[in-house]
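Structure data (compact mmCIF, C-alpha atoms) from final29.txt:
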```txt
# COMPACT_ATOMS: atom_id res chain seq x y z
CA MET A 1 92.30 81.80 65.00
CA ARG A 2 94.71 84.67 64.48
CA LEU A 3 93.14 87.94 65.55
CA GLU A 4 93.81 91.43 64.28
CA THR A 5 96.34 92.93 66.69
CA HIS A 6 97.50 96.50 67.26
CA THR A 7 100.72 97.62 68.95
CA SER A 8 101.75 101.00 70.27
CA GLY A 9 104.69 102.15 72.36
CA THR A 10 108.22 100.77 72.49
CA GLY A 11 108.75 100.29 76.20
CA ASP A 12 110.44 97.28 77.79
CA ARG A 13 107.26 96.35 79.67
CA THR A 14 104.21 94.90 77.89
CA VAL A 15 100.48 95.21 78.55
CA LEU A 16 97.84 93.13 76.74
CA LEU A 17 94.34 94.63 76.32
CA VAL A 18 91.21 92.63 75.44
CA HIS A 19 87.95 94.52 74.83
CA GLY A 20 84.37 93.44 75.57
CA SER A 21 81.39 92.68 73.35
CA MET A 22 80.42 95.13 70.59
CA ALA A 23 83.67 97.08 70.95
CA THR A 24 87.08 96.92 69.26
CA HIS A 25 90.63 97.61 70.38
CA GLU A 26 89.74 101.30 70.00
CA THR A 27 87.76 101.21 73.24
CA TRP A 28 91.15 101.35 75.02
CA HIS A 29 92.45 104.48 73.24
CA ALA A 30 92.70 106.64 76.40
CA VAL A 31 94.03 103.80 78.56
CA GLU A 32 96.55 102.92 75.87
CA ALA A 33 97.84 106.50 75.74
CA ARG A 34 98.37 106.56 79.51
CA LEU A 35 100.14 103.21 79.48
CA VAL A 36 102.48 104.29 76.68
CA GLN A 37 103.29 107.41 78.72
CA ARG A 38 104.24 105.10 81.59
CA GLY A 39 106.71 103.26 79.41
CA TYR A 40 104.68 100.25 78.29
CA ARG A 41 104.39 98.57 74.93
CA VAL A 42 100.64 97.99 74.48
CA ILE A 43 99.22 95.14 72.42
CA SER A 44 95.47 95.00 71.87
CA VAL A 45 93.25 92.76 69.78
CA ASP A 46 89.92 92.78 67.99
CA MET A 47 88.13 89.69 69.30
CA ARG A 48 86.57 87.15 66.95
CA GLY A 49 83.48 88.75 65.38
CA HIS A 50 84.70 92.28 66.11
CA GLY A 51 86.64 94.90 64.19
CA ASP A 52 88.93 93.47 61.52
CA SER A 53 89.13 89.96 62.99
CA PRO A 54 87.46 86.92 61.36
CA ARG A 55 83.85 85.94 62.06
CA GLY A 56 82.05 82.73 62.95
CA ASN A 57 82.40 79.46 64.87
CA TYR A 58 81.72 81.21 68.18
CA SER A 59 82.33 79.40 71.46
CA VAL A 60 83.68 80.46 74.82
CA SER A 61 86.69 78.17 74.52
CA ALA A 62 87.47 79.58 71.06
CA LEU A 63 87.70 83.10 72.47
CA GLY A 64 90.39 81.96 74.88
CA ASP A 65 92.22 79.98 72.20
CA ASP A 66 92.22 83.03 69.92
CA LEU A 67 94.13 85.04 72.51
CA VAL A 68 96.73 82.30 72.85
CA ASP A 69 97.09 82.18 69.06
CA SER A 70 97.49 85.95 68.77
CA LEU A 71 99.24 87.38 71.84
CA PRO A 72 102.73 86.94 73.30
CA THR A 73 103.34 85.00 76.49
CA GLY A 74 104.90 86.49 79.59
CA ALA A 75 103.50 90.03 79.38
CA ASP A 76 103.82 92.19 82.48
CA VAL A 77 100.06 92.78 82.68
CA ALA A 78 97.00 91.46 80.82
CA ILE A 79 93.71 93.37 81.11
CA GLY A 80 90.34 92.11 79.88
CA HIS A 81 86.94 93.80 80.01
CA SER A 82 83.55 92.06 80.21
CA MET A 83 83.56 89.17 77.67
CA GLY A 84 87.23 89.96 77.04
CA ALA A 85 87.82 89.21 80.70
CA VAL A 86 86.15 85.81 80.29
CA ALA A 87 88.36 85.10 77.28
CA LEU A 88 91.44 86.19 79.22
CA SER A 89 90.55 83.93 82.15
CA LEU A 90 90.51 80.97 79.76
CA ALA A 91 93.85 81.93 78.22
CA VAL A 92 95.76 83.13 81.28
CA GLU A 93 97.23 79.73 82.15
CA ARG A 94 98.84 79.60 78.70
CA LEU A 95 99.69 83.30 78.26
CA LEU A 96 101.15 83.51 81.79
CA PRO A 97 101.29 87.28 82.24
CA THR A 98 102.91 88.43 85.47
CA ARG A 99 99.57 89.94 86.56
CA ALA A 100 96.00 89.83 85.27
CA VAL A 101 93.21 92.38 85.60
CA TYR A 102 89.55 91.55 84.96
CA VAL A 103 87.41 94.65 84.45
CA ASP A 104 83.73 94.12 85.34
CA PRO A 105 84.02 90.56 83.99
CA SER A 106 81.05 88.68 82.56
CA PHE A 107 81.77 85.52 84.54
CA ARG A 108 78.12 85.26 85.57
CA LEU A 109 75.73 86.92 83.16
CA PRO A 110 72.08 86.46 84.12
CA PRO A 111 69.95 84.33 81.78
CA MET A 112 68.51 86.15 78.79
CA HIS A 113 64.91 85.93 77.62
CA ALA A 114 64.31 84.17 74.32
CA ASP A 115 63.91 87.47 72.47
CA ALA A 116 66.97 89.11 74.05
CA SER A 117 69.15 88.68 70.99
CA GLU A 118 66.52 90.28 68.76
CA ARG A 119 66.09 93.19 71.17
CA MET A 120 69.85 93.71 71.23
CA ARG A 121 69.91 93.75 67.45
CA ARG A 122 67.28 96.50 67.43
CA VAL A 123 69.26 98.57 69.94
CA PHE A 124 72.38 97.94 67.88
CA ALA A 125 70.62 99.16 64.71
CA MET A 126 69.67 102.46 66.43
CA ALA A 127 73.17 103.15 67.70
CA ASP A 128 74.19 106.40 66.04
CA VAL A 129 76.28 109.06 67.75
CA ALA A 130 73.25 110.78 69.31
CA HIS A 131 71.90 107.51 70.75
CA VAL A 132 75.25 106.43 72.19
CA ARG A 133 75.78 109.90 73.68
CA GLN A 134 72.35 109.78 75.33
CA LEU A 135 73.09 106.39 76.90
CA ASN A 136 76.60 107.38 78.03
CA PRO A 137 76.66 111.01 79.19
CA LYS A 138 80.01 110.63 80.97
CA TRP A 139 81.94 109.56 77.88
CA HIS A 140 84.40 111.68 75.94
CA ASP A 141 83.31 112.45 72.37
CA THR A 142 86.10 110.21 71.09
CA ASP A 143 84.67 107.28 73.08
CA VAL A 144 81.25 107.86 71.55
CA GLU A 145 82.62 108.01 68.03
CA ARG A 146 84.69 104.86 68.49
CA GLU A 147 81.75 103.02 70.01
CA VAL A 148 79.71 103.72 66.89
CA ARG A 149 82.61 102.56 64.71
CA GLY A 150 82.84 99.41 66.80
CA PHE A 151 79.14 98.68 66.28
CA ALA A 152 79.60 99.05 62.53
CA ALA A 153 82.42 96.45 62.62
CA PHE A 154 80.57 93.93 64.82
CA ASP A 155 78.95 90.64 63.80
CA PRO A 156 75.39 90.59 65.25
CA GLU A 157 75.51 86.78 65.37
CA PHE A 158 77.77 87.23 68.39
CA PHE A 159 74.56 88.23 70.24
CA ASP A 160 73.13 84.78 69.61
CA PHE A 161 76.27 83.12 70.93
CA VAL A 162 76.25 85.20 74.13
CA ALA A 163 72.56 84.51 74.73
CA ALA A 164 72.95 80.75 74.18
CA GLU A 165 76.37 79.93 75.62
CA VAL A 166 77.28 82.68 78.09
CA ALA A 167 74.15 84.09 79.72
CA GLY A 168 72.99 81.90 82.57
CA HIS A 169 76.25 79.93 82.70
CA ASP A 170 78.99 80.14 85.32
CA PHE A 171 82.52 80.98 84.20
CA LEU A 172 83.83 82.13 87.58
CA PRO A 173 87.44 80.86 87.82
CA ASP A 174 88.29 78.48 90.65
CA GLY A 175 91.16 80.77 91.60
CA PRO A 176 93.78 83.07 90.12
CA VAL A 177 96.50 81.47 87.99
CA VAL A 178 98.66 84.58 88.46
CA PRO A 179 98.11 87.49 90.88
CA SER A 180 94.75 88.81 89.70
CA LEU A 181 92.69 91.95 90.26
CA VAL A 182 88.96 92.26 89.59
CA LEU A 183 87.82 95.84 89.02
CA ARG A 184 84.11 96.04 89.75
CA ALA A 185 82.02 98.97 88.60
CA GLY A 186 80.09 100.70 91.35
CA ASP A 187 77.00 100.22 89.18
CA SER A 188 78.03 96.79 87.90
CA VAL A 189 75.55 94.67 85.97
CA THR A 190 77.88 91.67 85.84
CA VAL A 191 79.57 91.39 89.25
CA THR A 192 77.12 91.31 92.16
CA PRO A 193 78.30 91.96 95.72
CA GLN A 194 77.90 88.23 96.37
CA THR A 195 80.08 87.36 93.38
CA ALA A 196 82.67 89.89 94.54
CA GLU A 197 82.76 88.19 97.94
CA GLU A 198 83.20 84.81 96.30
CA LEU A 199 86.06 86.14 94.17
CA LEU A 200 87.75 87.40 97.33
CA GLU A 201 87.32 83.99 98.94
CA ARG A 202 88.88 82.34 95.90
CA GLY A 203 92.01 84.50 96.16
CA PHE A 204 91.34 87.43 93.83
CA THR A 205 91.91 91.04 94.81
CA VAL A 206 88.72 93.07 94.28
CA ARG A 207 88.51 96.84 93.96
CA VAL A 208 85.50 99.01 93.14
CA VAL A 209 85.35 102.10 90.91
CA GLU A 210 82.34 103.66 92.55
CA ASP A 211 81.32 106.26 89.98
CA ALA A 212 81.47 103.96 86.96
CA GLY A 213 79.11 101.67 85.11
CA HIS A 214 80.04 98.57 83.14
CA CYS A 215 82.45 100.39 80.80
CA VAL A 216 84.62 101.46 83.70
CA HIS A 217 87.52 102.87 81.69
CA ARG A 218 85.22 105.12 79.67
CA ASP A 219 82.92 106.19 82.49
CA ASP A 220 85.72 107.20 84.87
CA LEU A 221 89.22 107.06 83.41
CA PRO A 222 90.93 108.69 86.44
CA GLY A 223 89.12 106.29 88.78
CA PHE A 224 90.03 103.34 86.57
CA LEU A 225 93.72 104.27 86.55
CA ALA A 226 93.72 104.95 90.30
CA ALA A 227 92.26 101.50 90.93
CA LEU A 228 95.13 99.99 88.92
CA GLU A 229 97.82 101.48 91.13
CA GLY A 230 100.24 98.74 92.14
CA TRP A 231 99.17 96.60 89.20
CA ILE A 232 100.56 98.71 86.36
```
Turn this file's structure into structure tokens for me.
Amino acid sequence: MRLETHTSGTGDRTVLLVHGSMATHETWHAVEARLVQRGYRVISVDMRGHGDSPRGNYSVSALGDDLVDSLPTGADVAIGHSMGAVALSLAVERLLPTRAVYVDPSFRLPPMHADASERMRRVFAMADVAHVRQLNPKWHDTDVEREVRGFAAFDPEFFDFVAAEVAGHDFLPDGPVVPSLVLRAGDSVTVTPQTAEELLERGFTVRVVEDAGHCVHRDDLPGFLAALEGWI
């Protein structure tokens, strides 16, 4: 499936950005601006079921295939967050960026209760600016506004797919296809210390952004960028 893609910057070096669940390419706005300042061309996508991309036929393998169908090969860096990191891990062997970065990846989500999808839908329905601000006090106002816009352009059936096909399953890669960095949030809900150790054993570089939660780049942008030194 061809995804909606967005390009900014005209540099000779290219970065690919893949967002996580319930977001859109707009989640990267501040990161994108910094990368363009550093001389990169930045290409981001709206994943299947998000933003302006098509809906339906959700599967983990499809998310990886979508990236291959939509993004150029041989980028200098590819960065994926959460479910976007899972999708990137399934596409990296075909996209072959020089380096890959997985931001608080959802390789091992814990199992969800049977009513988890319905509870997420209720939370999703309440998500106005005030609610998102309350849940994310560290975020810039622009991040809050774009989060709400992302919710409005999100297919709730994606919840059902995550609960059925992702939560409780193991998508931890056997090893890095290209030099690969895992950025773990200090308050991560997806990468346990044990998983971080296993990633190290499998050949990944692991760094921690201590003062950030799952949305690392929005909780602590300076810390996120500092953790990327040597990779961008």
Contact check, stretch 138-204 of chain A to stretch 51-72 of chain A, at most 9 Å, counting all atoms listed in the file, closest pairs as JSON lines:
```
{"residue": "A:Arg149", "atom": "CA", "partner": "A:Gly51", "partner_atom": "CA", "distance": 8.7}
{"residue": "A:Gly150", "atom": "CA", "partner": "A:Gly51", "partner_atom": "CA", "distance": 6.4}
{"residue": "A:Phe151", "atom": "CA", "partner": "A:Gly51", "partner_atom": "CA", "distance": 8.7}
{"residue": "A:Ala152", "atom": "CA", "partner": "A:Gly51", "partner_atom": "CA", "distance": 8.3}
{"residue": "A:Ala153", "atom": "CA", "partner": "A:Gly51", "partner_atom": "CA", "distance": 4.8}
{"residue": "A:Phe154", "atom": "CA", "partner": "A:Gly51", "partner_atom": "CA", "distance": 6.2}
{"residue": "A:Asp155", "atom": "CA", "partner": "A:Arg55", "partner_atom": "CA", "distance": 7.0}
{"residue": "A:Glu157", "atom": "CA", "partner": "A:Gly56", "partner_atom": "CA", "distance": 8.1}
{"residue": "A:Phe158", "atom": "CA", "partner": "A:Tyr58", "partner_atom": "CA", "distance": 7.2}
{"residue": "A:Phe161", "atom": "CA", "partner": "A:Tyr58", "partner_atom": "CA", "distance": 6.4}
{"residue": "A:Val162", "atom": "CA", "partner": "A:Ser59", "partner_atom": "CA", "distance": 8.8}
{"residue": "A:Glu165", "atom": "CA", "partner": "A:Ser59", "partner_atom": "CA", "distance": 7.3}
{"residue": "A:Val166", "atom": "CA", "partner": "A:Val60", "partner_atom": "CA", "distance": 7.5}
```
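Taking only C-alpha atoms into account, A:Ala100 lies nearest to A:Val77 out of the set A:Val86, A:Cys215, A:Ala23, A:Val77.
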Got a sec: who's within 7 Å of A:Ala78, counting all atoms listed in the file, leaving out chain neighbours fewer than 3 positions off, as number ranges by chain? A: 15-17, 75, 97, 99-101
Neighbour residues at most 8 Å from (98.4, 94.4, 94.3) (all atoms listed in the file) as JSON, numbers by chain: {"A": [179, 181, 205, 229, 230, 231]}
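Residues in contact with A:Thr142 at up to 12 Å, not including ones fewer than 5 positions away on its chain and judged by only C-alpha atoms, are Glu26, Thr27, Trp28, His29, Ala30, Val129, Val132, Arg133, Glu147, Val148, Arg149 and Arg218 of chain A.
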Go ahead and write the selection's residues with C-alpha atoms as a PDB file, in the coordinates of the input.
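Written output follows (again35.pdb):
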```pdb
ATOM      1  CA  GLU A  26      89.740 101.300  70.000  1.00  0.00           C
ATOM      2  CA  THR A  27      87.760 101.210  73.240  1.00  0.00           C
ATOM      3  CA  TRP A  28      91.150 101.350  75.020  1.00  0.00           C
ATOM      4  CA  HIS A  29      92.450 104.480  73.240  1.00  0.00           C
ATOM      5  CA  ALA A  30      92.700 106.640  76.400  1.00  0.00           C
ATOM      6  CA  VAL A 129      76.280 109.060  67.750  1.00  0.00           C
ATOM      7  CA  VAL A 132      75.250 106.430  72.190  1.00  0.00           C
ATOM      8  CA  ARG A 133      75.780 109.900  73.680  1.00  0.00           C
ATOM      9  CA  GLU A 147      81.750 103.020  70.010  1.00  0.00           C
ATOM     10  CA  VAL A 148      79.710 103.720  66.890  1.00  0.00           C
ATOM     11  CA  ARG A 149      82.610 102.560  64.710  1.00  0.00           C
ATOM     12  CA  ARG A 218      85.220 105.120  79.670  1.00  0.00           C
TER      13      ARG A 218
END
```
In Å, rounded to a single decimal, give me how far atom CA of A:Leu135 is from atom CA of A:Pro111. 22.8 Å
